[in-house]
>>> print(open('input_3.txt').read())   # compact mmCIF, C-alpha atoms
# COMPACT_ATOMS: atom_id res chain seq x y z
CA MET A 1 10.20 -43.49 73.12
CA THR A 2 8.39 -44.17 69.85
CA VAL A 3 10.21 -46.66 67.62
CA VAL A 4 10.56 -45.40 64.04
CA THR A 5 11.42 -47.72 61.15
CA THR A 6 12.73 -46.15 57.94
CA ASP A 7 12.48 -47.74 54.51
CA LEU A 8 12.79 -46.90 50.81
CA LEU A 9 10.30 -47.05 47.94
CA ASP A 10 11.64 -47.04 44.40
CA ARG A 11 9.50 -45.05 42.00
CA PRO A 12 9.95 -43.99 38.38
CA ASP A 13 12.64 -41.30 38.46
CA ALA A 14 12.67 -41.05 42.28
CA ARG A 15 13.32 -42.92 45.49
CA ILE A 16 10.90 -42.15 48.34
CA THR A 17 12.11 -42.41 51.94
CA PHE A 18 9.35 -43.17 54.43
CA ASP A 19 9.02 -43.81 58.16
CA VAL A 20 6.62 -46.10 60.04
CA ARG A 21 5.78 -46.00 63.74
CA GLY A 22 3.07 -47.41 66.00
CA THR A 23 0.42 -50.09 65.47
CA GLY A 24 -3.24 -50.01 64.55
CA PRO A 25 -5.26 -48.55 61.66
CA LEU A 26 -3.18 -46.92 58.94
CA LEU A 27 -2.76 -43.15 59.12
CA VAL A 28 -0.56 -41.40 56.55
CA LEU A 29 0.57 -37.82 57.13
CA VAL A 30 1.07 -36.08 53.79
CA GLY A 31 2.95 -32.82 53.34
CA SER A 32 4.07 -30.65 50.46
CA PRO A 33 6.56 -29.06 50.55
CA MET A 34 6.98 -30.33 54.09
CA GLY A 35 8.50 -33.76 54.59
CA ALA A 36 8.41 -36.25 57.43
CA GLU A 37 10.41 -34.22 59.94
CA GLY A 38 7.78 -31.54 60.36
CA PHE A 39 5.16 -34.15 61.24
CA GLY A 40 7.29 -35.69 64.01
CA PRO A 41 5.26 -34.52 67.05
CA LEU A 42 1.92 -35.36 65.43
CA ALA A 43 3.17 -38.75 64.24
CA ASP A 44 4.49 -39.67 67.69
CA ALA A 45 1.20 -38.75 69.35
CA MET A 46 -1.00 -40.59 66.86
CA ALA A 47 1.24 -43.68 66.92
CA ALA A 48 -0.26 -44.58 70.30
CA ASP A 49 -3.15 -46.26 68.46
CA HIS A 50 -2.32 -46.00 64.74
CA THR A 51 0.27 -47.23 62.32
CA VAL A 52 1.56 -43.84 61.24
CA VAL A 53 3.46 -43.34 57.99
CA THR A 54 5.36 -40.17 57.16
CA PHE A 55 7.54 -39.55 54.13
CA ASP A 56 9.56 -37.00 52.21
CA PRO A 57 7.89 -36.23 48.86
CA ARG A 58 9.94 -36.68 45.71
CA GLY A 59 12.59 -34.04 45.21
CA THR A 60 12.58 -33.09 48.90
CA GLY A 61 14.77 -34.09 51.81
CA ARG A 62 15.69 -37.77 51.77
CA SER A 63 13.71 -38.50 48.58
CA PRO A 64 15.90 -37.48 45.64
CA ALA A 65 14.51 -37.19 42.13
CA ALA A 66 16.57 -38.48 39.23
CA ASP A 67 16.09 -35.19 37.40
CA PRO A 68 16.19 -32.18 39.77
CA ASP A 69 14.71 -30.02 37.00
CA ALA A 70 11.59 -32.15 36.48
CA ASP A 71 8.29 -30.68 37.62
CA SER A 72 6.59 -32.51 40.47
CA THR A 73 2.95 -32.59 39.37
CA VAL A 74 0.11 -33.38 41.72
CA ALA A 75 -0.71 -36.48 39.66
CA VAL A 76 2.85 -37.80 40.03
CA ARG A 77 2.88 -37.16 43.77
CA ALA A 78 -0.52 -38.85 44.12
CA ALA A 79 0.84 -41.87 42.24
CA ASP A 80 3.80 -41.96 44.64
CA LEU A 81 1.37 -41.92 47.55
CA ALA A 82 -0.69 -44.72 46.00
CA ALA A 83 2.44 -46.85 45.60
CA LEU A 84 3.39 -46.14 49.21
CA LEU A 85 -0.03 -47.27 50.46
CA GLU A 86 0.23 -50.45 48.42
CA ARG A 87 3.71 -51.06 49.82
CA VAL A 88 2.84 -50.67 53.52
CA GLY A 89 -0.60 -52.34 53.27
CA GLY A 90 -3.58 -51.55 55.43
CA ALA A 91 -5.60 -49.65 52.84
CA PRO A 92 -8.07 -48.06 52.78
CA ALA A 93 -6.02 -45.57 54.77
CA THR A 94 -6.81 -42.40 56.64
CA LEU A 95 -4.91 -39.47 55.14
CA PHE A 96 -4.10 -36.27 56.97
CA GLY A 97 -2.85 -33.88 54.32
CA SER A 98 -1.40 -30.46 55.10
CA SER A 99 -1.25 -27.61 52.59
CA GLY A 100 0.06 -29.08 49.32
CA GLY A 101 -0.16 -32.50 50.95
CA ALA A 102 -3.90 -31.96 51.30
CA VAL A 103 -4.05 -31.30 47.56
CA VAL A 104 -2.18 -34.55 46.86
CA SER A 105 -4.49 -36.46 49.24
CA LEU A 106 -7.57 -35.14 47.46
CA ALA A 107 -6.07 -36.08 44.10
CA LEU A 108 -5.49 -39.63 45.32
CA ALA A 109 -9.06 -39.87 46.65
CA GLN A 110 -10.26 -38.97 43.16
CA ALA A 111 -7.88 -41.25 41.26
CA ARG A 112 -7.71 -44.29 43.55
CA PRO A 113 -10.71 -44.19 45.90
CA GLU A 114 -10.25 -47.84 46.89
CA LEU A 115 -7.03 -46.88 48.69
CA VAL A 116 -8.52 -44.05 50.74
CA GLY A 117 -10.96 -44.29 53.62
CA VAL A 118 -10.93 -40.76 55.05
CA VAL A 119 -9.15 -37.60 53.93
CA VAL A 120 -8.59 -34.76 56.38
CA ALA A 121 -7.57 -31.96 54.01
CA HIS A 122 -6.04 -29.28 56.23
CA GLU A 123 -5.84 -25.93 54.45
CA PRO A 124 -5.29 -27.01 50.82
CA PRO A 125 -4.14 -24.04 48.67
CA LEU A 126 -6.68 -24.64 45.89
CA GLU A 127 -6.38 -21.18 44.36
CA GLU A 128 -8.27 -22.11 41.19
CA LEU A 129 -11.47 -22.27 43.28
CA LEU A 130 -11.27 -18.57 44.12
CA PRO A 131 -13.02 -15.82 42.13
CA ASP A 132 -9.71 -13.92 41.94
CA ALA A 133 -7.73 -16.95 40.74
CA ALA A 134 -6.12 -14.97 37.93
CA GLU A 135 -4.55 -12.58 40.44
CA HIS A 136 -3.13 -15.50 42.39
CA ARG A 137 -1.68 -17.05 39.24
CA ALA A 138 0.12 -13.79 38.61
CA ALA A 139 1.34 -13.71 42.22
CA THR A 140 2.71 -17.24 41.86
CA GLU A 141 4.66 -16.27 38.77
CA GLN A 142 6.01 -13.21 40.57
CA ILE A 143 7.23 -15.39 43.46
CA ILE A 144 8.95 -17.79 41.07
CA GLY A 145 10.55 -14.89 39.21
CA THR A 146 11.71 -13.38 42.48
CA TYR A 147 13.34 -16.66 43.45
CA ARG A 148 15.18 -16.81 40.14
CA GLU A 149 16.34 -13.20 40.28
CA GLN A 150 16.80 -12.46 44.00
CA GLY A 151 17.05 -15.80 45.77
CA ALA A 152 15.20 -17.73 48.45
CA ALA A 153 14.94 -15.08 51.18
CA ALA A 154 13.16 -12.58 48.93
CA ALA A 155 10.94 -15.31 47.48
CA TRP A 156 9.91 -16.56 50.91
CA ALA A 157 9.08 -13.04 52.03
CA LEU A 158 6.85 -12.55 48.98
CA PHE A 159 5.33 -16.03 49.35
CA LEU A 160 4.40 -15.47 53.00
CA ALA A 161 3.01 -12.01 52.33
CA SER A 162 0.92 -13.30 49.40
CA ALA A 163 -0.45 -16.16 51.49
CA GLY A 164 -1.08 -13.96 54.52
CA LEU A 165 1.10 -16.26 56.62
CA PRO A 166 3.23 -15.06 59.55
CA GLY A 167 6.98 -15.36 59.15
CA ALA A 168 10.34 -14.08 60.20
CA ALA A 169 11.87 -10.91 58.82
CA PRO A 170 12.93 -11.02 55.15
CA GLY A 171 16.49 -12.21 54.75
CA ASP A 172 16.27 -15.30 56.93
CA ALA A 173 15.14 -17.90 54.43
CA ALA A 174 15.45 -20.81 56.85
CA GLN A 175 13.25 -19.27 59.52
CA ASN A 176 10.72 -17.97 57.01
CA ALA A 177 10.37 -21.47 55.62
CA ALA A 178 9.96 -23.03 59.04
CA ASP A 179 7.49 -20.53 60.47
CA GLY A 180 5.34 -19.98 57.40
CA ALA A 181 5.34 -23.16 55.39
CA GLY A 182 6.17 -25.88 57.88
CA LEU A 183 9.64 -26.64 56.54
CA PRO A 184 12.39 -27.48 59.04
CA ALA A 185 14.81 -24.64 59.68
CA THR A 186 18.48 -24.52 60.48
CA ASP A 187 20.50 -22.29 62.78
CA GLY A 188 22.06 -19.59 60.62
CA ALA A 189 22.55 -20.12 56.92
CA ALA A 190 20.49 -22.63 54.98
CA THR A 191 22.11 -26.00 54.46
CA ALA A 192 22.79 -27.35 50.99
CA GLN A 193 19.83 -29.72 51.38
CA GLN A 194 17.51 -26.95 52.45
CA ALA A 195 18.65 -24.81 49.54
CA ALA A 196 17.92 -27.72 47.18
CA ASP A 197 14.49 -28.21 48.76
CA GLU A 198 13.69 -24.53 48.34
CA ARG A 199 14.76 -24.64 44.69
CA HIS A 200 12.57 -27.68 44.06
CA PHE A 201 9.59 -26.05 45.76
CA PHE A 202 9.76 -22.68 44.01
CA LEU A 203 10.70 -23.91 40.55
CA HIS A 204 9.03 -27.32 40.27
CA GLU A 205 6.32 -27.83 42.90
CA MET A 206 4.51 -24.66 43.98
CA ARG A 207 2.92 -23.79 40.63
CA GLU A 208 1.84 -27.41 40.08
CA THR A 209 0.16 -27.50 43.50
CA VAL A 210 -1.83 -24.26 43.45
CA ARG A 211 -3.01 -24.77 39.86
CA TRP A 212 -4.59 -28.16 40.55
CA ARG A 213 -8.39 -28.08 40.51
CA PRO A 214 -10.46 -30.76 42.25
CA ASP A 215 -13.53 -32.44 40.79
CA PRO A 216 -16.21 -31.77 43.45
CA GLN A 217 -18.62 -34.27 41.91
CA ARG A 218 -16.11 -37.09 42.37
CA LEU A 219 -15.20 -35.98 45.89
CA ARG A 220 -18.71 -35.49 47.26
CA GLY A 221 -19.17 -39.22 47.69
CA ARG A 222 -15.89 -39.55 49.60
CA ARG A 223 -15.30 -39.09 53.30
CA VAL A 224 -13.50 -35.77 53.04
CA VAL A 225 -13.05 -33.43 56.00
CA VAL A 226 -11.93 -29.88 55.19
CA GLY A 227 -9.85 -28.52 58.05
CA ILE A 228 -9.17 -24.83 58.72
CA GLY A 229 -6.91 -23.38 61.40
CA SER A 230 -8.72 -21.22 63.94
CA ALA A 231 -5.89 -18.68 63.62
CA SER A 232 -5.96 -18.64 59.80
CA ALA A 233 -8.79 -16.16 59.24
CA GLY A 234 -8.12 -13.98 56.23
CA GLN A 235 -5.23 -16.08 54.94
CA ILE A 236 -5.29 -17.52 51.44
CA CYS A 237 -5.65 -21.11 52.66
CA ASP A 238 -8.60 -20.13 54.83
CA ARG A 239 -10.31 -18.82 51.70
CA THR A 240 -9.42 -21.82 49.54
CA SER A 241 -10.51 -24.27 52.22
CA ARG A 242 -13.86 -22.58 52.64
CA ALA A 243 -14.29 -22.60 48.87
CA LEU A 244 -13.61 -26.34 48.77
CA ALA A 245 -16.04 -27.01 51.63
CA ALA A 246 -18.73 -25.03 49.78
CA GLU A 247 -18.09 -27.04 46.60
CA LEU A 248 -18.52 -30.25 48.62
CA ASP A 249 -21.69 -28.99 50.35
CA ARG A 250 -20.29 -29.41 53.84
CA ASP A 251 -19.04 -27.25 56.67
CA PRO A 252 -15.31 -26.84 57.27
CA GLU A 253 -13.91 -28.22 60.53
CA PRO A 254 -11.93 -25.83 62.75
CA PHE A 255 -8.57 -26.98 64.12
CA PRO A 256 -6.40 -25.27 66.75
CA GLY A 257 -3.68 -22.92 65.59
CA GLY A 258 -2.86 -21.82 62.09
CA HIS A 259 -1.41 -23.38 58.97
CA VAL A 260 0.89 -25.67 60.98
CA GLY A 261 -1.28 -25.94 64.08
CA TRP A 262 0.13 -29.31 65.19
CA LEU A 263 3.47 -27.57 65.77
CA GLU A 264 1.91 -24.58 67.53
CA ASP A 265 -0.38 -26.41 69.95
CA PRO A 266 0.35 -30.16 69.64
CA ALA A 267 -1.87 -31.45 72.45
CA SER A 268 -4.97 -29.51 71.38
CA PHE A 269 -4.43 -30.36 67.73
CA VAL A 270 -4.10 -34.09 68.39
CA ALA A 271 -7.23 -34.06 70.55
CA ARG A 272 -9.16 -32.31 67.80
CA LEU A 273 -7.89 -34.66 65.10
CA ARG A 274 -8.93 -37.66 67.18
CA GLU A 275 -12.37 -36.13 67.68
CA VAL A 276 -12.83 -35.51 63.96
CA LEU A 277 -11.66 -39.00 63.00
CA ALA A 278 -13.98 -40.60 65.58
CA ARG A 279 -16.96 -38.80 64.02
CA THR A 280 -15.88 -39.56 60.47
>>> encode(input="input_3.txt", output="structure tokens")
Amino acid sequence: MTVVTTDLLDRPDARITFDVRGTGPLLVLVGSPMGAEGFGPLADAMAADHTVVTFDPRGTGRSPAADPDADSTVAVRAADLAALLERVGGAPATLFGSSGGAVVSLALAQARPELVGVVVAHEPPLEELLPDAAEHRAATEQIIGTYREQGAAAAWALFLASAGLPGAAPGDAAQNAADGAGLPATDGAATAQQAADERHFFLHEMRETVRWRPDPQRLRGRRVVVGIGSASAGQICDRTSRALAAELDRDPEPFPGGHVGWLEDPASFVARLREVLART
């Protein structure tokens, strides 16, 4: 059994809970809105030859924010990640970022390149890179409005449909979150913590994530791998990932499964990640 050590990192207006397992080169798994729990299988597998760090981002799970109504900007989350790397040591680190976590990882590579060796950016939702970005901005505002007026289940249904992600039937917010966005689900009704996480995501994190725009000129000199799920064709994150790869003048790297491929086909995903890291 993999031994997991949990610790705390005090940050301005937040306390970040993080987990460390394994030994070897530093690998940090970065999610948004997903926290450490969703990375469990991947972290356990990679801990065989890496020091693997997972964490709950501010305002999510075990990492409470002092002000639950404060927006969680990409810059703030990247600063949290920088502080975490400085705390655990071993930089420059390899970052595997998923979805919004890929956006945060790219932001850190731009802001603090000395801390980052390799970034594997798996399906970052960089909607500002798309030619129809204005339509996606409007869709984001509609999702947020739906959450405010109709609640989490309706918002998740609209979110998943807008992103082209598979999900459970509307009305089951917990399962929609788990299947479509990589958030842990509960049996039956959402827990108080899950409800708080959903509120934070819809009201204070989602807009900040999809509106962030990378600086391709600053990223071209970095070791950045753009990952796309082989089952993600036609989905919004397939389009945004391909747009990022084009901006960086490199080909995207296919990974098994879809947006959360490491949960769908863990063995194949780990093998592919190891192959990509060995080449990078």
>>> residues_around(input="input_3.txt", residues="A:Arg223", least_positions_apart="4", cutoff="9 Å", atoms="only C-alpha atoms", output="PyMOL selection string")
chain A and resi 116-120+219+280
>>> residues_around(input="input_3.txt", residues="A:Pro214", least_positions_apart="5", cutoff="12 Å", atoms="only C-alpha atoms", output="PDB file with C-alpha atoms, in the coordinates of the input")
ATOM      1  CA  VAL A  74       0.110 -33.380  41.720  1.00  0.00           C
ATOM      2  CA  ALA A  75      -0.710 -36.480  39.660  1.00  0.00           C
ATOM      3  CA  ALA A 102      -3.900 -31.960  51.300  1.00  0.00           C
ATOM      4  CA  VAL A 103      -4.050 -31.300  47.560  1.00  0.00           C
ATOM      5  CA  VAL A 104      -2.180 -34.550  46.860  1.00  0.00           C
ATOM      6  CA  SER A 105      -4.490 -36.460  49.240  1.00  0.00           C
ATOM      7  CA  LEU A 106      -7.570 -35.140  47.460  1.00  0.00           C
ATOM      8  CA  ALA A 107      -6.070 -36.080  44.100  1.00  0.00           C
ATOM      9  CA  LEU A 108      -5.490 -39.630  45.320  1.00  0.00           C
ATOM     10  CA  ALA A 109      -9.060 -39.870  46.650  1.00  0.00           C
ATOM     11  CA  GLN A 110     -10.260 -38.970  43.160  1.00  0.00           C
ATOM     12  CA  ALA A 111      -7.880 -41.250  41.260  1.00  0.00           C
ATOM     13  CA  PRO A 124      -5.290 -27.010  50.820  1.00  0.00           C
ATOM     14  CA  PRO A 125      -4.140 -24.040  48.670  1.00  0.00           C
ATOM     15  CA  LEU A 126      -6.680 -24.640  45.890  1.00  0.00           C
ATOM     16  CA  GLU A 127      -6.380 -21.180  44.360  1.00  0.00           C
ATOM     17  CA  GLU A 128      -8.270 -22.110  41.190  1.00  0.00           C
ATOM     18  CA  LEU A 129     -11.470 -22.270  43.280  1.00  0.00           C
ATOM     19  CA  THR A 209       0.160 -27.500  43.500  1.00  0.00           C
ATOM     20  CA  LEU A 219     -15.200 -35.980  45.890  1.00  0.00           C
ATOM     21  CA  ARG A 220     -18.710 -35.490  47.260  1.00  0.00           C
ATOM     22  CA  THR A 240      -9.420 -21.820  49.540  1.00  0.00           C
ATOM     23  CA  SER A 241     -10.510 -24.270  52.220  1.00  0.00           C
ATOM     24  CA  ALA A 243     -14.290 -22.600  48.870  1.00  0.00           C
ATOM     25  CA  LEU A 244     -13.610 -26.340  48.770  1.00  0.00           C
ATOM     26  CA  ALA A 245     -16.040 -27.010  51.630  1.00  0.00           C
ATOM     27  CA  GLU A 247     -18.090 -27.040  46.600  1.00  0.00           C
ATOM     28  CA  LEU A 248     -18.520 -30.250  48.620  1.00  0.00           C
TER      29      LEU A 248
END
>>> closest_residue(input="input_3.txt", among="A:Thr51, A:Thr94, A:Thr17, A:Thr146", to="A:Pro64", atoms="all atoms listed in the file")
A:Thr17
>>> atom_distance(input="input_3.txt", atom1="atom CA of A:Ala65", atom2="atom CA of A:Arg77")
11.7 Å
>>> residues_near_point(input="input_3.txt", point="(0.2, -37.7, 57.0)", cutoff="12 Å", atoms="all atoms listed in the file", output="PyMOL selection string")
chain A and resi 18-20+26-32+34-44+46-47+50-57+81+84-85+93-102+104-105+118-122+262+273
>>> atom_distance(input="input_3.txt", atom1="atom CA of A:Glu198", atom2="atom CA of A:Ile143")
12.2 Å
>>> atom_distance(input="input_3.txt", atom1="atom CA of A:Asp67", atom2="atom CA of A:Asp13")
7.1 Å
>>> closest_residue(input="input_3.txt", among="A:Pro256, A:Gln235, A:Gln142, A:Ala83", to="A:Val270", atoms="all atoms listed in the file")
A:Pro256
>>> residues_near_point(input="input_3.txt", point="(-6.4, -31.9, 67.9)", cutoff="7 Å", atoms="all atoms listed in the file", output="list in words")
Phe255, Pro256, Ala267, Ser268, Phe269, Val270, Ala271, Arg272, Leu273 and Arg274 of chain A
>>> closest_residue(input="input_3.txt", among="A:Arg21, A:Arg137, A:Arg239, A:His204", to="A:Gly164", atoms="only C-alpha atoms")
A:Arg239
